[in-house]
Every structure is written in C-alpha cells, then in structure tokens.
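The next block holds one structure in the form of structure tokens; read it before the comments.
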Amino acid sequence: MSATDAERGGLGAEELPALALRVREHVVRMATGGGCFIGAALSCVELLVYLYGRVLRLSPQTVGDAGRDYLLFSKGHAVPALYGVLAELGYFPRERLGQHLQPQDSLYWHPHAALPGVEFHSGSLGHLLAVGLGVAADLRLAGADNRVFVVLGDGELNEGSIWEACLVAAAQRLDNLVAVIDRNGLQANAPTEQLVPLEPLEAKFAAFGWGVRRCDGHDFGALAAACTRLPLEPGRPTVIIADTVRGKGLPSLERRVDRWFVDLPAAAIAPLLTELRTVYGDGASGRPAA
C-alpha cells in the first residue's frame with residue numbers, strides 16, 4: 001500500500017479523537033443490562049477507529065463489494081467497541097446500540113455476521129487468524145488486491161492455531177494479510193506474563209517470517225506511522241503489535257484484573273461517562289483535559 005493509502009478512509013485525522021470518545025461512551029452504556037467485557041473493549045478503541053476511519057477500503061456503501069478490504073475481529077468478547085465504531089460510521093443506526101443483548105437484535109456478546117460490517121462471527125479465541133489466512137490466500141489466487149486485517153487479543157496468542165497460521169501465512173508469502181494485536185498485557189483475570197509469557201513478541205513473529213512493527217495503540221500518530229506502508233516487507237505477512245491499556249479512559253477501571261467483565265447498575269453509567277469526559281475533555285484534542 002502506498003503512503004496515501006492510510007488516508008483512504010473518510011475521516012480526517014482531527015476527527016479521530018472525538019470519534020474515539022463517542023465510541024468509549026457507547027461501550028460504557030453497553031456495560032449494563034447484561035454487561036460486557038469493558039476493559040478489553042476500551043483497550044482497542046483507537047485501533048478500530050483508526051482502521052475503519054483511515055485505513056480500510058470499506059464503507060457502509062461497499063460492505064458487499066468484491067474489492068473491499070476485510071476486517072476480522074478475533075477478540076470477539078470486546079465487541080462493544082466494534083459496535084460503537086460501526087454505528088458511528090453509519091453501518092447501522094446508533095439507536096440499535098440500545099438493543100445490545102436484546103433478543104430482537106443481533107448485537108450479542110460476540111460479533112455476528114448478520115450485522116452490517118461484520119465479515120465473520122467470532123468468539124472462540126484463536127480461530128480467526130486462520131480464517132483470515134484462508135481469505136487472503138483465496139484473494140491471492142483470484143489475483144485480487146484486497147487486504148485482510150485480523151484484530152487479535154494478546155491472550156489468544158496462547159492458542160496453537162495462531163502459530164500454525166503464522167507458519168502457513170509466511171510460507172505462502174501472504175503479504176495481503178495484516179494481524180493487529182491488542183497488547184494490553186492482561187488475559188482474563190491475570191497478567192499474560194504470569195500465565196504463559198508472550199515476550200519477546202517482536203522476535204517471535206520475526207522468526208516466523210513476518211514483518212513486524214510495534215507502536216502505542218492509543219496514539220493516532222503512532223498508528224499512522226505503523227500503517228503508512230503495508231505490507232511492511234513485500235512477500236511477508238505483517239503484524240502490528242499495539243501496546244494498550246485495559247480499560248483505557250476510565251482511570252477507576254484501568255488495568256484492574258477484577259473488572260475484566262462488568263454488569264453495572266444503571267446508576268453507575270452517568271458517573272463513568274463523567275469520568276471519561278474529564279479525561280478526554282470534548283474529544284477535540286485527544287489529550288486529557290487541563
């Protein structure tokens with residue numbers, strides 16, 4: 001992809017922080033009436049905002065087009081962030097977010113392909129990198145230039161299927177495949193490095209034959225630099241390791257292993273929204289309010 005490809009999305013760079021704040025507000029509202037994995041959703045907001053807003057050749061009008069890019073959301077339990085991005089960008093009405101977990105809608109705890117913008121249902125961790133590999137291989141055989149992005153949680157890297165897919169993708173030289181890892185350092189209710197240590201991730205992916213870049217997953221400038229030219233190395237699949245914070249934007253919840261899933265009373269939502277707005281101000285700068 002050329003240097004201008006990172007600007008193919010419909011959003012200007014100055015719009016991204018405000019969009020990220022609105023998505024976080026949606027996530028908080030979805031943390032009641034059944035609850036959600038709020039920490040994992042908040043850690044990947046900027047990743048999804050940047051990919052959908054600036055990188056993917058995809059829009060609400062092109063979800064069925066043969067030439068579109070694909071995004072597979074492997075860390076499906078963090079789906080409120082995806083729902084918020086899709087609603088804000090017009091893939092479905094914002095009002096539907098109020099039907100989260102209601103039987104009359106398909107906004108479930110995990111992505112479902114019945115929802116506009118969702119390419120493949122997910123929930124079983126460790127599966128979608130292999131699915132993305134298959135899609136990328138099929139596109140390559142067809143001579144198409146579509147790209148396939150797979151957003152992974154760091155905890156699911158413990159699955160052997162991930163590393164099998166890494167081997168095959170490199171062997172097939174699938175440089176149209178991009179893995180984006182939400183590296184928030186927590187897996188369920190414990191740090192990843194206390195369970196099954198993952199580091200050094202960069203060296204591991206490089207040894208498996210991937211082009212590797214690491215960045216701050218909450219910094220739009222850093223994400224822009226990481227995504228400016230893809231693939232990173234012709235003939236190699238790409239992985240972007242994005243260092244993030246679980247629960248980002250809510251200091252009262254950040255990095256707390258006991259708050260990986262919450263079902264909050266309705267009365268708790270307004271104080272959390274106030275906390276978000278205190279941290280981000282009006283969202284125009286993306287920096288904490290003075």
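Residue names in the structure tokens use chain letters A, B, ... in the order shown, residue numbers from 1 in each chain, and ligand numbers from 1 in the order shown.
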
Using 12 Å as the limit and counting only C-alpha atoms, can you tabulate each residue of region 30-79 of chain A that touches region 153-167 of chain A, with its shortest atom-to-atom distance in Å and the two atoms involved, as JSON lines?
{"residue": "A:Gly39", "atom": "CA", "partner": "A:Gly153", "partner_atom": "CA", "distance": 11.9}
{"residue": "A:Ala40", "atom": "CA", "partner": "A:Gly153", "partner_atom": "CA", "distance": 8.4}
{"residue": "A:Ala41", "atom": "CA", "partner": "A:Gly153", "partner_atom": "CA", "distance": 10.4}
{"residue": "A:Ser43", "atom": "CA", "partner": "A:Gly153", "partner_atom": "CA", "distance": 9.9}
{"residue": "A:Cys44", "atom": "CA", "partner": "A:Gly153", "partner_atom": "CA", "distance": 9.1}
{"residue": "A:Leu47", "atom": "CA", "partner": "A:Gly153", "partner_atom": "CA", "distance": 11.7}
{"residue": "A:Phe73", "atom": "CA", "partner": "A:Gly153", "partner_atom": "CA", "distance": 9.3}
{"residue": "A:Ser74", "atom": "CA", "partner": "A:Gly153", "partner_atom": "CA", "distance": 7.3}
{"residue": "A:Lys75", "atom": "CA", "partner": "A:Gly153", "partner_atom": "CA", "distance": 5.2}
{"residue": "A:Gly76", "atom": "CA", "partner": "A:Gly153", "partner_atom": "CA", "distance": 8.9}
{"residue": "A:His77", "atom": "CA", "partner": "A:Gly153", "partner_atom": "CA", "distance": 9.6}
{"residue": "A:Ala78", "atom": "CA", "partner": "A:Gly153", "partner_atom": "CA", "distance": 9.1}
{"residue": "A:Val79", "atom": "CA", "partner": "A:Gly153", "partner_atom": "CA", "distance": 11.8}

Writer output for current selection, C-alpha atoms, as a compact mmCIF listing (two decimals), in the first residue's frame:
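After the write, result05.txt holds the following:
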# COMPACT_ATOMS: atom_id res chain seq x y z
CA GLY A 39 -11.73 -3.48 29.80
CA ALA A 40 -10.95 -5.38 26.59
CA ALA A 41 -13.36 -3.19 24.61
CA SER A 43 -8.27 -1.09 25.08
CA CYS A 44 -8.92 -1.49 21.35
CA LEU A 47 -7.20 0.52 16.85
CA PHE A 73 -12.43 -9.18 14.82
CA SER A 74 -10.89 -12.18 16.54
CA LYS A 75 -11.09 -10.85 20.11
CA GLY A 76 -14.85 -11.07 19.83
CA HIS A 77 -15.60 -10.56 23.52
CA ALA A 78 -14.54 -6.90 23.07
CA VAL A 79 -17.30 -6.36 20.52

Mind checking which residues fall within 12 Å of Gly247 (chain A), counting only C-alpha atoms, ignoring those fewer than 6 positions away in the same chain, and posting them as an NGL selection string? :A and (24 or 27-28 or 36-45 or 78 or 81 or 184-186 or 218 or 253-262 or 272 or 276)

Just the residues within 8 Å of region 140-144 of chain A, please, counting only C-alpha atoms, with nothing from its chain fewer than 4 positions along; format it as a ChimeraX atom specification. /A:67,136,174,176

Could you give me, as a PyMOL selection string, each residue of region 12-216 of chain A that DSSP assigns to strand (DSSP E) when run on this structure's backbone? chain A and resi 70-73+148-153+177-183+186-187+190-191+211-216

Limited to C-alpha atoms, could you put the picked residues into a file as an mmCIF file, in the first residue's frame?
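What follows is the written file part02.cif:
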data_model
loop_
_atom_site.group_PDB
_atom_site.id
_atom_site.type_symbol
_atom_site.label_atom_id
_atom_site.label_comp_id
_atom_site.auth_asym_id
_atom_site.auth_seq_id
_atom_site.Cartn_x
_atom_site.Cartn_y
_atom_site.Cartn_z
ATOM 1 C CA TYR A 70 -11.754 -7.334 5.151
ATOM 2 C CA LEU A 71 -11.525 -6.904 8.915
ATOM 3 C CA LEU A 72 -11.975 -9.947 11.126
ATOM 4 C CA PHE A 73 -12.428 -9.179 14.822
ATOM 5 C CA VAL A 148 -7.289 -8.839 5.177
ATOM 6 C CA PHE A 149 -6.881 -7.396 8.674
ATOM 7 C CA VAL A 150 -7.300 -9.586 11.765
ATOM 8 C CA VAL A 151 -7.565 -7.903 15.180
ATOM 9 C CA LEU A 152 -6.299 -10.245 17.895
ATOM 10 C CA GLY A 153 -6.150 -10.120 21.664
ATOM 11 C CA LEU A 177 -2.585 -10.346 5.482
ATOM 12 C CA VAL A 178 -2.182 -7.949 8.430
ATOM 13 C CA ALA A 179 -2.518 -9.043 12.059
ATOM 14 C CA VAL A 180 -3.116 -6.302 14.625
ATOM 15 C CA ILE A 181 -2.510 -7.356 18.222
ATOM 16 C CA ASP A 182 -4.189 -5.523 21.101
ATOM 17 C CA ARG A 183 -1.329 -5.943 23.588
ATOM 18 C CA LEU A 186 -3.925 -8.967 30.616
ATOM 19 C CA GLN A 187 -5.616 -12.263 29.928
ATOM 20 C CA ALA A 190 -4.278 -12.192 35.312
ATOM 21 C CA PRO A 191 -1.286 -10.623 33.531
ATOM 22 C CA GLY A 211 7.215 -8.184 9.020
ATOM 23 C CA VAL A 212 6.847 -6.642 12.483
ATOM 24 C CA ARG A 213 6.120 -3.185 13.821
ATOM 25 C CA ARG A 214 5.314 -2.163 17.412
ATOM 26 C CA CYS A 215 3.569 1.038 18.461
ATOM 27 C CA ASP A 216 1.449 2.810 21.068
#

Got a sec to tell me which of region 1-125 of chain A DSSP assigns to helix (DSSP H, G or I), as a PyMOL selection string? chain A and resi 3-7+13-29+38-43+45-55+76-88+94-99

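Taking CA of Gln99 (chain A) as the reference point, CA of Glu15 (chain A) is found at 26.6 Å.
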
Within 10 Å of Gly33 (chain A), counting only C-alpha atoms, which residues show up once you throw out same-chain ones fewer than 6 positions away? Write them as a PyMOL selection string, please. chain A and resi 98-102+263-266

Write a file of the just-selected residues containing N, CA and C atoms, as a PDB file, in the first residue's frame.
ATOM      1  N   GLY A  98     -28.853   0.570  21.721  1.00  0.00           N
ATOM      2  CA  GLY A  98     -29.712   0.407  22.895  1.00  0.00           C
ATOM      3  C   GLY A  98     -30.349  -0.961  22.970  1.00  0.00           C
ATOM      4  N   GLN A  99     -30.247  -1.745  21.908  1.00  0.00           N
ATOM      5  CA  GLN A  99     -30.790  -3.107  21.894  1.00  0.00           C
ATOM      6  C   GLN A  99     -29.710  -4.154  22.146  1.00  0.00           C
ATOM      7  N   HIS A 100     -28.547  -3.717  22.628  1.00  0.00           N
ATOM      8  CA  HIS A 100     -27.467  -4.642  22.964  1.00  0.00           C
ATOM      9  C   HIS A 100     -27.977  -5.726  23.903  1.00  0.00           C
ATOM     10  N   LEU A 101     -27.791  -6.984  23.502  1.00  0.00           N
ATOM     11  CA  LEU A 101     -28.183  -8.178  24.260  1.00  0.00           C
ATOM     12  C   LEU A 101     -29.686  -8.405  24.325  1.00  0.00           C
ATOM     13  N   GLN A 102     -30.447  -7.638  23.531  1.00  0.00           N
ATOM     14  CA  GLN A 102     -31.886  -7.858  23.498  1.00  0.00           C
ATOM     15  C   GLN A 102     -32.217  -8.917  22.454  1.00  0.00           C
ATOM     16  N   ASP A 263     -21.186  -6.003  34.852  1.00  0.00           N
ATOM     17  CA  ASP A 263     -22.604  -5.764  34.583  1.00  0.00           C
ATOM     18  C   ASP A 263     -23.025  -4.706  35.581  1.00  0.00           C
ATOM     19  N   LEU A 264     -23.003  -3.467  35.148  1.00  0.00           N
ATOM     20  CA  LEU A 264     -23.146  -2.338  36.045  1.00  0.00           C
ATOM     21  C   LEU A 264     -24.610  -1.974  36.243  1.00  0.00           C
ATOM     22  N   PRO A 265     -24.959  -1.487  37.432  1.00  0.00           N
ATOM     23  CA  PRO A 265     -26.303  -0.925  37.604  1.00  0.00           C
ATOM     24  C   PRO A 265     -26.438   0.349  36.790  1.00  0.00           C
ATOM     25  N   ALA A 266     -27.649   0.658  36.391  1.00  0.00           N
ATOM     26  CA  ALA A 266     -27.874   1.827  35.543  1.00  0.00           C
ATOM     27  C   ALA A 266     -27.360   3.105  36.191  1.00  0.00           C
TER      28      ALA A 266
END
